[in-house]
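One file, upload.txt, carrying compact mmCIF, C-alpha atoms:
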# COMPACT_ATOMS: atom_id res chain seq x y z
CA MET A 9 -11.63 -4.75 -17.82
CA ALA A 10 -12.42 -7.28 -20.54
CA ALA A 11 -13.42 -5.83 -23.90
CA ASN A 12 -15.08 -7.36 -26.94
CA LEU A 13 -14.73 -6.40 -30.58
CA ASP A 14 -17.67 -5.32 -32.73
CA ASP A 15 -18.05 -5.93 -36.46
CA ASP A 16 -15.76 -2.98 -37.22
CA GLY A 17 -12.99 -4.30 -35.00
CA GLU A 18 -13.51 -1.63 -32.33
CA GLN A 19 -13.42 -2.47 -28.62
CA THR A 20 -16.79 -2.54 -26.88
CA VAL A 21 -17.76 -2.88 -23.22
CA SER A 22 -21.05 -3.38 -21.46
CA ILE A 23 -22.47 -0.70 -19.18
CA ASN A 24 -21.89 -2.93 -16.15
CA GLU A 25 -18.27 -3.50 -17.16
CA TYR A 26 -17.75 0.23 -17.62
CA LEU A 27 -19.25 1.11 -14.23
CA GLU A 28 -17.25 -1.63 -12.51
CA SER A 29 -14.02 -0.38 -14.09
CA ILE A 30 -14.72 3.18 -12.91
CA GLU A 31 -15.39 1.96 -9.38
CA GLU A 32 -12.19 -0.16 -9.38
CA GLU A 33 -10.12 2.81 -10.56
CA GLU A 34 -11.59 5.08 -7.89
CA LEU A 35 -10.94 2.47 -5.20
CA GLU A 36 -7.35 1.95 -6.37
CA ALA A 37 -6.73 5.72 -6.32
CA ASP A 38 -8.19 6.03 -2.82
CA LEU A 39 -6.02 3.17 -1.57
CA VAL A 40 -2.85 4.78 -2.96
CA LEU A 41 -3.72 8.26 -1.67
CA GLY A 42 -4.71 6.90 1.72
CA GLY A 43 -7.98 8.81 1.68
CA ASP A 44 -6.16 12.12 1.20
CA GLU A 45 -8.48 14.57 -0.56
CA GLY A 46 -5.52 16.68 -1.72
CA ASP A 47 -6.97 19.83 -0.14
CA GLU A 48 -3.92 20.93 1.83
CA CYS A 49 -0.16 20.38 1.89
CA THR A 50 0.89 17.75 4.43
CA TYR A 51 4.06 19.65 5.42
CA SER A 52 2.52 20.86 8.69
CA LYS A 53 1.97 17.23 9.73
CA GLY A 54 5.73 16.65 9.82
CA TYR A 55 7.35 13.39 8.80
CA MET A 56 4.28 11.24 8.23
CA LYS A 57 4.44 7.52 8.90
CA ARG A 58 3.17 6.83 5.37
CA GLN A 59 1.71 8.95 2.59
CA ALA A 60 1.46 9.10 -1.20
CA ILE A 61 4.50 10.85 -2.67
CA PHE A 62 5.22 12.24 -6.14
CA SER A 63 8.38 13.43 -7.88
CA CYS A 64 8.28 16.43 -10.23
CA LEU A 65 10.97 16.01 -12.89
CA THR A 66 10.09 19.41 -14.36
CA CYS A 67 11.18 21.18 -11.17
CA THR A 68 13.75 18.69 -9.83
CA PRO A 69 15.07 16.65 -12.80
CA GLU A 70 17.84 15.20 -10.62
CA GLY A 71 15.15 13.36 -8.65
CA ASN A 72 16.08 14.57 -5.17
CA ALA A 73 12.71 15.82 -3.92
CA GLY A 74 9.21 14.55 -3.21
CA ILE A 75 5.84 16.29 -3.03
CA CYS A 76 2.50 15.44 -1.44
CA THR A 77 -0.82 14.88 -3.22
CA ALA A 78 -2.12 18.42 -2.70
CA CYS A 79 1.05 20.02 -4.06
CA CYS A 80 1.03 17.63 -7.00
CA LEU A 81 -2.46 18.87 -7.91
CA SER A 82 -2.13 22.57 -7.05
CA CYS A 83 1.53 23.49 -7.54
CA HIS A 84 2.69 21.09 -10.26
CA ASP A 85 -0.33 20.78 -12.54
CA GLY A 86 0.90 20.29 -16.11
CA HIS A 87 4.41 19.27 -15.02
CA GLU A 88 6.12 15.93 -15.61
CA VAL A 89 5.18 14.23 -12.36
CA LEU A 90 5.96 10.66 -11.30
CA GLU A 91 3.66 8.73 -8.97
CA LEU A 92 5.82 6.90 -6.42
CA TRP A 93 2.94 5.23 -4.55
CA THR A 94 3.73 5.61 -0.82
CA LYS A 95 6.84 6.42 1.22
CA ARG A 96 7.41 6.20 4.97
CA ASN A 97 8.67 8.94 7.27
CA PHE A 98 8.49 11.60 4.54
CA ARG A 99 7.80 15.33 4.62
CA CYS A 100 6.68 17.34 1.59
CA ASP A 101 9.58 19.14 -0.15
CA CYS A 102 7.51 21.37 -2.42
CA GLY A 103 8.97 24.88 -2.60
CA ASN A 104 12.05 24.30 -0.46
CA SER A 105 15.65 24.99 -1.55
CA LYS A 106 15.65 22.09 -3.99
CA PHE A 107 13.06 23.91 -6.12
CA GLY A 108 15.08 27.09 -6.63
CA GLU A 109 12.83 30.14 -7.03
CA PHE A 110 9.69 28.00 -7.17
CA SER A 111 7.45 28.56 -4.15
CA CYS A 112 4.74 26.27 -2.77
CA LYS A 113 1.29 27.78 -3.24
CA LEU A 114 -0.23 25.93 -0.29
CA SER A 115 2.50 26.10 2.35
CA PRO A 116 5.24 28.58 1.35
CA ASN A 117 6.97 28.78 4.75
CA LYS A 118 9.08 25.64 4.86
CA ASP A 119 12.53 24.66 6.08
CA VAL A 120 15.34 24.89 3.56
CA GLU A 121 15.58 21.09 3.50
CA ASN A 122 13.89 18.08 5.08
CA THR A 123 16.95 16.32 6.45
CA GLU A 124 15.14 13.13 7.50
CA ASN A 125 13.72 12.42 4.04
CA SER A 126 15.21 9.49 2.12
CA TYR A 127 15.45 9.35 -1.68
CA ASN A 128 16.29 6.54 -4.06
CA HIS A 129 16.36 6.15 -7.83
CA ASN A 130 12.54 5.89 -7.84
CA PHE A 131 12.47 9.69 -7.62
CA LYS A 132 14.21 9.73 -11.02
CA GLY A 133 11.64 7.32 -12.45
CA LEU A 134 13.96 4.29 -12.22
CA TYR A 135 13.26 1.00 -10.47
CA CYS A 136 14.65 -2.45 -9.69
CA THR A 137 18.24 -3.67 -9.89
CA CYS A 138 18.02 -3.20 -13.66
CA ASN A 139 17.55 0.56 -13.15
CA ARG A 140 14.77 0.77 -15.75
CA PRO A 141 11.79 3.17 -15.89
CA TYR A 142 8.17 2.16 -15.38
CA PRO A 143 6.36 1.95 -17.64
CA ASP A 144 9.30 0.78 -19.71
CA PRO A 145 9.13 2.25 -23.23
CA ASP A 146 11.16 -0.67 -24.60
CA LEU A 147 8.55 -3.23 -23.56
CA GLU A 148 5.32 -3.85 -25.45
CA GLU A 149 3.73 -5.43 -22.37
CA GLN A 150 4.60 -4.15 -18.90
CA VAL A 151 5.52 -6.78 -16.31
CA GLU A 152 4.41 -6.83 -12.69
CA MET A 153 6.71 -5.40 -10.03
CA ILE A 154 6.96 -6.07 -6.28
CA GLN A 155 7.83 -3.48 -3.63
CA CYS A 156 10.28 -4.22 -0.83
CA CYS A 157 8.77 -3.22 2.52
CA MET A 158 12.15 -2.01 3.78
CA CYS A 159 13.96 -0.04 1.05
CA GLU A 160 10.60 0.59 -0.71
CA ASP A 161 12.13 0.08 -4.15
CA TRP A 162 10.20 -1.87 -6.79
CA PHE A 163 11.53 -5.04 -8.44
CA HIS A 164 10.67 -7.06 -11.52
CA GLU A 165 9.80 -10.62 -10.60
CA GLU A 166 12.64 -11.99 -12.70
CA HIS A 167 15.16 -9.76 -10.91
CA ILE A 168 14.59 -10.73 -7.27
CA SER A 169 17.14 -13.58 -7.25
CA LEU A 170 14.75 -16.50 -7.50
CA SER A 171 15.21 -19.47 -9.80
CA SER A 172 11.79 -18.76 -11.25
CA PRO A 173 8.92 -16.31 -10.67
CA ASN A 174 6.87 -19.44 -9.93
CA GLU A 175 8.61 -19.54 -6.53
CA ILE A 176 6.71 -16.41 -5.48
CA PRO A 177 3.94 -17.53 -3.09
CA ARG A 178 0.62 -17.22 -4.91
CA ASP A 179 -2.71 -18.98 -4.89
CA GLU A 180 -4.26 -20.80 -7.84
CA GLU A 181 -5.67 -17.54 -9.21
CA GLY A 182 -2.30 -15.81 -9.09
CA GLU A 183 -3.09 -13.66 -6.05
CA PRO A 184 -0.18 -13.17 -3.59
CA LEU A 185 -0.12 -15.28 -0.45
CA TYR A 186 2.37 -12.95 1.23
CA GLU A 187 1.78 -9.65 3.01
CA ASP A 188 5.29 -8.21 2.72
CA PHE A 189 8.34 -8.78 0.55
CA ILE A 190 11.95 -8.08 1.56
CA CYS A 191 14.50 -7.87 -1.25
CA LYS A 192 17.81 -9.73 -1.24
CA ALA A 193 19.86 -6.68 -0.25
CA CYS A 194 17.60 -5.77 2.67
CA SER A 195 17.38 -9.37 3.86
CA VAL A 196 20.96 -9.01 5.14
CA VAL A 197 19.78 -6.34 7.60
CA CYS A 198 16.99 -8.54 8.97
CA SER A 199 18.61 -11.97 8.71
CA PHE A 200 17.55 -12.53 12.33
CA LEU A 201 14.09 -13.30 10.91
CA THR A 202 15.39 -16.72 9.88
CA LEU A 203 15.37 -17.65 13.57
CA TYR A 204 11.62 -17.24 13.81
CA PRO A 205 9.05 -20.07 13.36
CA LYS A 206 8.08 -21.04 9.84
CA THR A 207 4.61 -19.58 10.30
CA ILE A 208 5.91 -16.04 9.69
CA TRP A 209 6.80 -17.10 6.15
CA ALA A 210 4.35 -17.15 3.30
CA ALA A 211 3.47 -20.61 1.97
CA GLY A 212 6.38 -22.12 0.10
CA ARG A 213 9.00 -19.69 1.44
CA GLN A 214 10.34 -20.84 4.81
CA PRO A 215 14.05 -20.02 5.23
CA VAL A 216 15.89 -21.02 8.41
CA ALA A 217 19.16 -19.97 9.99
CA ALA A 218 22.12 -21.33 8.05
CA ASN A 219 24.33 -22.21 11.04
CA LYS A 220 23.62 -25.80 11.99
CA ASN A 221 24.89 -25.21 15.55
CA LYS A 222 22.17 -22.67 16.26
CA VAL A 223 18.83 -23.78 17.66
CA VAL A 224 15.87 -22.31 15.81
CA VAL A 225 12.91 -21.12 17.89
CA GLU A 226 10.43 -23.91 18.55
CA ASP A 227 7.62 -23.80 16.04
CA ILE A 228 4.67 -23.40 18.40
CA LEU A 229 2.77 -20.74 16.50
CA SER A 230 -0.70 -21.83 15.56
CA LYS A 231 -1.67 -21.43 11.92
CA ASP A 232 -4.79 -21.67 9.82
CA GLU A 233 -5.34 -24.02 6.90
CA ASP A 234 -3.65 -21.66 4.45
CA GLY A 235 -0.56 -21.30 6.62
CA LYS A 236 -1.34 -17.65 7.34
CA LEU A 237 -1.22 -15.94 10.71
CA ASP A 238 -4.36 -14.30 11.98
CA ASN A 239 -4.50 -11.65 14.69
CA ASP A 240 -5.70 -13.90 17.49
CA SER A 241 -3.46 -16.86 16.73
CA CYS A 242 -0.45 -14.61 16.36
CA SER A 243 -0.99 -12.87 19.70
CA ASP A 244 -1.55 -16.18 21.48
CA ALA A 245 1.49 -17.67 19.81
CA VAL A 246 3.76 -14.83 20.86
CA GLN A 247 2.59 -15.27 24.46
CA LYS A 248 3.35 -18.99 24.19
CA ASP A 249 6.80 -18.16 22.87
CA HIS A 250 7.37 -15.89 25.86
CA LEU A 251 6.46 -18.73 28.23
CA VAL A 252 8.70 -21.20 26.41
CA ALA A 253 11.57 -18.76 26.37
CA GLY A 254 11.06 -18.04 30.08
CA ALA A 255 11.14 -21.73 30.93
CA ASN A 256 14.29 -22.25 28.88
CA ASP A 257 15.87 -19.29 30.62
CA GLU A 258 15.32 -20.79 34.07
CA ALA A 259 16.70 -24.18 33.10
CA ALA A 260 19.60 -22.91 31.02
CA SER A 261 23.21 -22.68 32.15
CA ASP A 262 24.99 -19.40 32.86
CA GLU A 263 26.56 -19.55 29.41
CA LYS A 264 23.16 -19.98 27.79
CA LYS A 265 21.77 -17.12 29.85
CA SER A 266 24.40 -14.81 28.46
CA ILE A 267 22.84 -15.03 24.99
CA VAL A 268 19.20 -14.87 26.09
CA GLY A 269 17.67 -11.43 26.32
CA GLU A 270 17.32 -10.90 30.08
CA GLY A 271 16.34 -7.77 31.98
CA SER A 272 13.37 -5.91 33.31
CA GLU A 273 11.16 -3.29 31.70
CA SER A 274 13.12 -0.88 29.54
CA ASN A 275 12.67 2.66 28.29
CA ALA A 276 13.78 1.60 24.81
CA SER A 277 10.23 1.32 23.53
CA SER A 278 9.44 4.89 24.55
CA SER A 279 11.38 6.22 21.58
CA LEU A 280 9.23 4.20 19.21
CA SER A 281 5.69 4.92 18.03
CA GLY A 282 2.90 4.88 20.58
CA SER A 283 1.31 2.06 18.60
CA ILE A 284 4.28 -0.23 19.33
CA ALA A 285 3.82 -2.57 22.27
CA SER A 286 5.97 -2.11 25.39
CA SER A 287 9.04 -4.28 25.79
CA ILE A 288 8.79 -7.70 27.40
CA PRO A 289 11.27 -9.05 29.96
CA THR A 290 12.28 -12.24 28.13
CA CYS A 291 13.47 -12.68 24.56
CA VAL A 292 11.36 -14.79 22.23
CA LEU A 293 14.52 -15.95 20.49
CA VAL A 294 16.37 -18.55 22.57
CA VAL A 295 19.49 -18.34 20.42
CA ASP A 296 22.26 -15.83 19.83
CA TRP A 297 20.78 -13.90 16.88
CA MET A 298 23.93 -11.78 16.59
CA ALA A 299 26.03 -14.80 15.69
CA ALA A 300 23.31 -16.52 13.69
CA SER A 301 22.67 -13.49 11.54
CA LEU A 302 26.29 -13.49 10.38
CA ASP A 303 25.86 -16.99 9.00
CA SER A 304 22.58 -16.42 7.23
CA GLU A 305 22.43 -16.50 3.47
CA SER A 306 21.20 -13.40 1.65
CA LYS A 307 17.92 -14.20 -0.10
CA PRO A 308 14.57 -12.53 -0.83
CA LEU A 309 11.96 -13.07 1.85
CA PHE A 310 8.17 -13.37 1.65
CA LEU A 311 6.34 -12.78 4.93
CA SER A 312 2.87 -14.02 5.84
CA LYS A 313 -0.09 -12.02 7.09
CA ASN A 314 0.47 -10.27 10.46
CA TRP A 315 4.08 -11.46 10.65
CA ARG A 316 5.08 -8.23 12.40
CA ASP A 317 2.99 -9.21 15.42
CA ALA A 318 5.34 -12.13 16.04
CA LEU A 319 8.48 -9.96 16.31
CA CYS A 320 10.10 -10.01 19.74
CA ARG A 321 9.82 -6.85 21.83
CA CYS A 322 12.30 -7.59 24.60
CA ASP A 323 14.85 -4.93 25.57
CA LYS A 324 17.63 -6.61 23.64
CA CYS A 325 15.63 -6.89 20.42
CA LEU A 326 14.24 -3.35 20.71
CA ASP A 327 17.80 -2.08 20.95
CA MET A 328 18.76 -4.19 17.94
CA TYR A 329 15.90 -2.75 15.83
CA LYS A 330 16.99 0.74 16.82
CA GLN A 331 20.63 0.11 15.88
CA LYS A 332 19.58 -1.30 12.51
CA HIS A 333 17.14 1.62 11.96
CA ILE A 334 14.25 -0.78 11.40
CA SER A 335 12.06 0.03 14.42
CA TYR A 336 9.27 0.85 11.96
CA LEU A 337 8.73 -2.89 11.48
CA LEU A 338 7.08 -2.93 14.91
CA ASP A 339 4.68 -0.16 14.00
CA LYS A 340 1.42 -1.55 12.66
CA GLU A 341 0.62 1.72 10.90
CA ASP A 342 3.78 1.37 8.81
CA SER A 343 2.50 -1.62 6.85
CA ILE A 344 0.86 -1.18 3.46
CA ALA A 345 -1.94 -3.52 4.55
CA GLU A 346 -2.85 -1.23 7.46
CA TYR A 347 -2.47 1.87 5.27
CA GLU A 348 -4.91 0.49 2.70
CA LYS A 349 -7.28 -0.71 5.43
CA ASN A 350 -7.46 2.82 6.87
CA ALA A 351 -7.83 4.26 3.36
CA LYS A 352 -10.79 1.99 2.62
CA GLN A 353 -12.42 2.96 5.90
CA LYS A 354 -12.04 6.66 5.05
CA ARG A 355 -13.49 5.97 1.60
CA ASP A 356 -16.55 4.24 3.07
CA GLU A 357 -17.08 7.09 5.53
CA LYS A 358 -16.76 9.63 2.72
CA LEU A 359 -19.35 7.82 0.59
CA GLN A 360 -21.75 7.67 3.53
CA GLN A 361 -21.29 11.38 4.19
CA ARG A 362 -21.87 12.15 0.52
CA GLU A 363 -25.08 10.14 0.48
CA GLY A 364 -26.22 11.88 3.66
CA ALA A 365 -25.42 15.32 2.23
CA GLU A 366 -27.38 14.56 -0.95
CA LEU A 367 -30.36 13.38 1.07
CA ASN A 368 -30.24 16.47 3.30
CA PHE A 369 -30.06 18.71 0.23
CA PHE A 370 -33.14 17.07 -1.26
CA ASN A 371 -35.09 17.24 2.02
CA ASN A 372 -34.38 20.96 2.35
CA LEU A 373 -35.88 21.74 -1.06
CA GLY A 374 -39.37 23.09 -1.50
CA HIS A 375 -42.22 21.00 -2.89
CA VAL A 376 -41.93 22.45 -6.42
CA GLU A 377 -38.17 21.81 -6.62
CA LYS A 378 -38.60 18.24 -5.35
CA MET A 379 -41.27 17.53 -7.99
CA GLU A 380 -39.04 18.92 -10.76
CA ILE A 381 -36.18 16.64 -9.74
CA LEU A 382 -38.40 13.57 -9.45
CA ASN A 383 -40.04 14.30 -12.81
CA GLY A 384 -36.62 14.77 -14.38
CA ILE A 385 -35.49 11.38 -13.08
CA ALA A 386 -38.70 9.76 -14.37
CA ASP A 387 -38.26 11.39 -17.81
CA PHE A 388 -34.69 10.15 -18.04
CA LYS A 389 -35.69 6.60 -17.08
CA ASP A 390 -38.45 6.59 -19.72
CA GLU A 391 -36.14 7.95 -22.43
CA PHE A 392 -33.36 5.55 -21.50
CA ARG A 393 -35.77 2.58 -21.53
CA SER A 394 -37.08 3.67 -24.92
CA PHE A 395 -33.54 4.12 -26.20
CA LEU A 396 -32.49 0.61 -25.16
CA GLY A 397 -35.62 -0.84 -26.75
CA SER A 398 -34.89 0.84 -30.08
CA VAL A 399 -31.26 -0.19 -30.54
CA ASP A 400 -30.15 -3.31 -32.37
CA PRO A 401 -28.92 -5.73 -29.66
CA SER A 402 -26.44 -7.23 -32.12
CA LYS A 403 -24.64 -3.90 -32.52
CA ALA A 404 -22.61 -1.81 -30.11
CA ILE A 405 -23.92 1.48 -28.74
CA THR A 406 -21.81 4.38 -30.02
CA ALA A 407 -21.14 7.84 -28.62
CA ALA A 408 -23.36 9.29 -31.33
CA ASP A 409 -26.26 7.09 -30.15
CA VAL A 410 -25.90 8.33 -26.57
CA LYS A 411 -25.69 11.95 -27.75
CA GLN A 412 -28.88 11.51 -29.77
CA MET A 413 -30.68 10.09 -26.71
CA PHE A 414 -29.90 13.21 -24.66
CA GLU A 415 -30.93 15.48 -27.52
CA ASN A 416 -34.30 13.71 -27.66
CA LEU A 417 -34.65 14.11 -23.87
CA ASN A 418 -33.89 17.84 -24.07
CA ASN A 419 -36.40 18.32 -26.89
CA LYS A 420 -39.13 16.65 -24.86
CA ARG A 421 -38.38 18.83 -21.82
CA ARG A 422 -38.53 21.98 -23.97
CA ARG A 423 -41.96 21.00 -25.23
CA VAL A 424 -43.13 20.44 -21.67

Turn the structure described in the file into structure tokens.
Amino acid sequence: MAANLDDDGEQTVSINEYLESIEEEELEADLVLGGDEGDECTYSKGYMKRQAIFSCLTCTPEGNAGICTACCLSCHDGHEVLELWTKRNFRCDCGNSKFGEFSCKLSPNKDVENTENSYNHNFKGLYCTCNRPYPDPDLEEQVEMIQCCMCEDWFHEEHISLSSPNEIPRDEEGEPLYEDFICKACSVVCSFLTLYPKTIWAAGRQPVAANKNKVVVEDILSKDEDGKLDNDSCSDAVQKDHLVAGANDEAASDEKKSIVGEGSESNASSSLSGSIASSIPTCVLVVDWMAASLDSESKPLFLSKNWRDALCRCDKCLDMYKQKHISYLLDKEDSIAEYEKNAKQKRDEKLQQREGAELNFFNNLGHVEKMEILNGIADFKDEFRSFLGSVDPSKAITAADVKQMFENLNNKRRRV
């Protein structure tokens, strides 16, 4: 929010700027919390695909536990709590063995430990390869950080192994052109991505397999003017890739067939989320990704919009994702973009329900009560209009001025 300085050197903002800033903060909070009202502990929901997680350093200073939004508000109010944004496949730890004698107020009956939870140095308040806190007390101005969609750690732009932060795909206004970022360390695990068409990469970041003897998948994906994938083009492109791969498979030699993912329908996809598409009989990749991935250079990756839709779902690739413990990449609900989309939808529904509840409340009032409310609104509008007309437009409105306006309004209502 931009602020101006008055004659006394104090920051001033307009009413519109103030209201816009409040709305932006509320929206940002709703996007992080995923629409969670914080009314009940999420422990009963099991290991959630994605949820907002916090770390209480007062209760677990070693940073080996995470708590949900409701427990943060109800059980750890007044504690030193760190906001970790969101984590995947996590179950609330509040009150388990890691908290000693401390018991969860909302859901006291919990397992001794959540064995499937993963913790990193973020739970201690440390981030990036530099292992520094955020906000960093040694910096006057905090610098932007980027989250890896795989390890979910946060990185300073200057510490992601690029020659310059200017290499990060952004538009002219500085907004990111990528949907997901994969850090240098995690890129080793998914080096097979370098075999995919360039359209899965954000503008300006298009790595390819390092081995010159390997044939990269034919770039037949359609793309829009910005180089981004959209839902329709991505789905069509994947189908085209399947046809191309199938044709190559028929014409290929026996040796070539040995490295192409053959086979019929598999049960491999049944162990994945219900939102993940079933396996396909032919591999999108027409090369030996196992050999190619060994030759790929470790580097940070920036993926374009809807890049996950282009990932192959043949039996061979599904098994590979499972072995690498990255099957979540196929789950649309795992992505931050989908998480925030659902959060915004919940927010809109909540606002509509609130407006409907307020209208129902007013309609259920008697005639006298309705008239009192309407007269009160009219009195406030008149007083506010009079107040704005009396102030010096060249000077800022102070808290004392606003307080005086409400005192005048109360005095008028008493006289009435």

Extending 8 Å beyond the listed atoms of region 80-88 of chain A on each side, what axis-aligned box results? I want centre and edge lengths in Å to one decimal, as AutoDock Vina command-line options.
--center_x 1.8 --center_y 19.7 --center_z -11.6 --size_x 24.6 --size_y 23.6 --size_z 25.1

Q) Any idea what the distance is between CA of Val40 (chain A) and CA of Asn24 (chain A)? A)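 Atom-to-atom, CA of Val40 (chain A) to CA of Asn24 (chain A), that is 24.4 Å.
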
Q: Quick one: everything within 8 Å of region 415-419 of chain A, counting only C-alpha atoms, minus sequence neighbours fewer than 4 positions away in the same chain. Send it as a count of residues only.
A: 5

Q: Could you tell me which of A:Phe110, A:Phe369, A:Phe310, A:Tyr329 comes closest to Ser195 (chain A) if we count all atoms listed in the file?
A: A:Phe310

**Q.** Atom-to-atom span, CA of Cys136 (chain A) and CA of Asp317 (chain A), Å
**A.** 28.5 Å

Q | Atom-to-atom span, CA of Ala37 (chain A) and CA of Leu90 (chain A), Å | A |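 Between CA of Ala37 (chain A) and CA of Leu90 (chain A) the gap works out to 14.5 Å.
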
Tell me, counting only C-alpha atoms, for each residue of region 74-144 of chain A within 9 Å of region 43-53 of chain A, which pair of atoms is nearest and how far apart they are in Å to one decimal, in rows ordered by chain and increasing number, as CSV.
residue,atom,partner,partner_atom,distance
A:Ile75,CA,A:Cys49,CA,8.8
A:Cys76,CA,A:Thr50,CA,6.5
A:Thr77,CA,A:Gly46,CA,5.3
A:Ala78,CA,A:Gly46,CA,3.9
A:Cys79,CA,A:Cys49,CA,6.1
A:Cys80,CA,A:Gly46,CA,8.5
A:Leu81,CA,A:Gly46,CA,7.2
A:Ser82,CA,A:Gly46,CA,8.6
A:Arg99,CA,A:Tyr51,CA,5.8
A:Cys100,CA,A:Tyr51,CA,5.2
A:Asp101,CA,A:Tyr51,CA,7.9
A:Cys102,CA,A:Tyr51,CA,8.7
A:Cys112,CA,A:Cys49,CA,9.0
A:Leu114,CA,A:Cys49,CA,6.0
A:Ser115,CA,A:Cys49,CA,6.3
A:Lys118,CA,A:Tyr51,CA,7.8
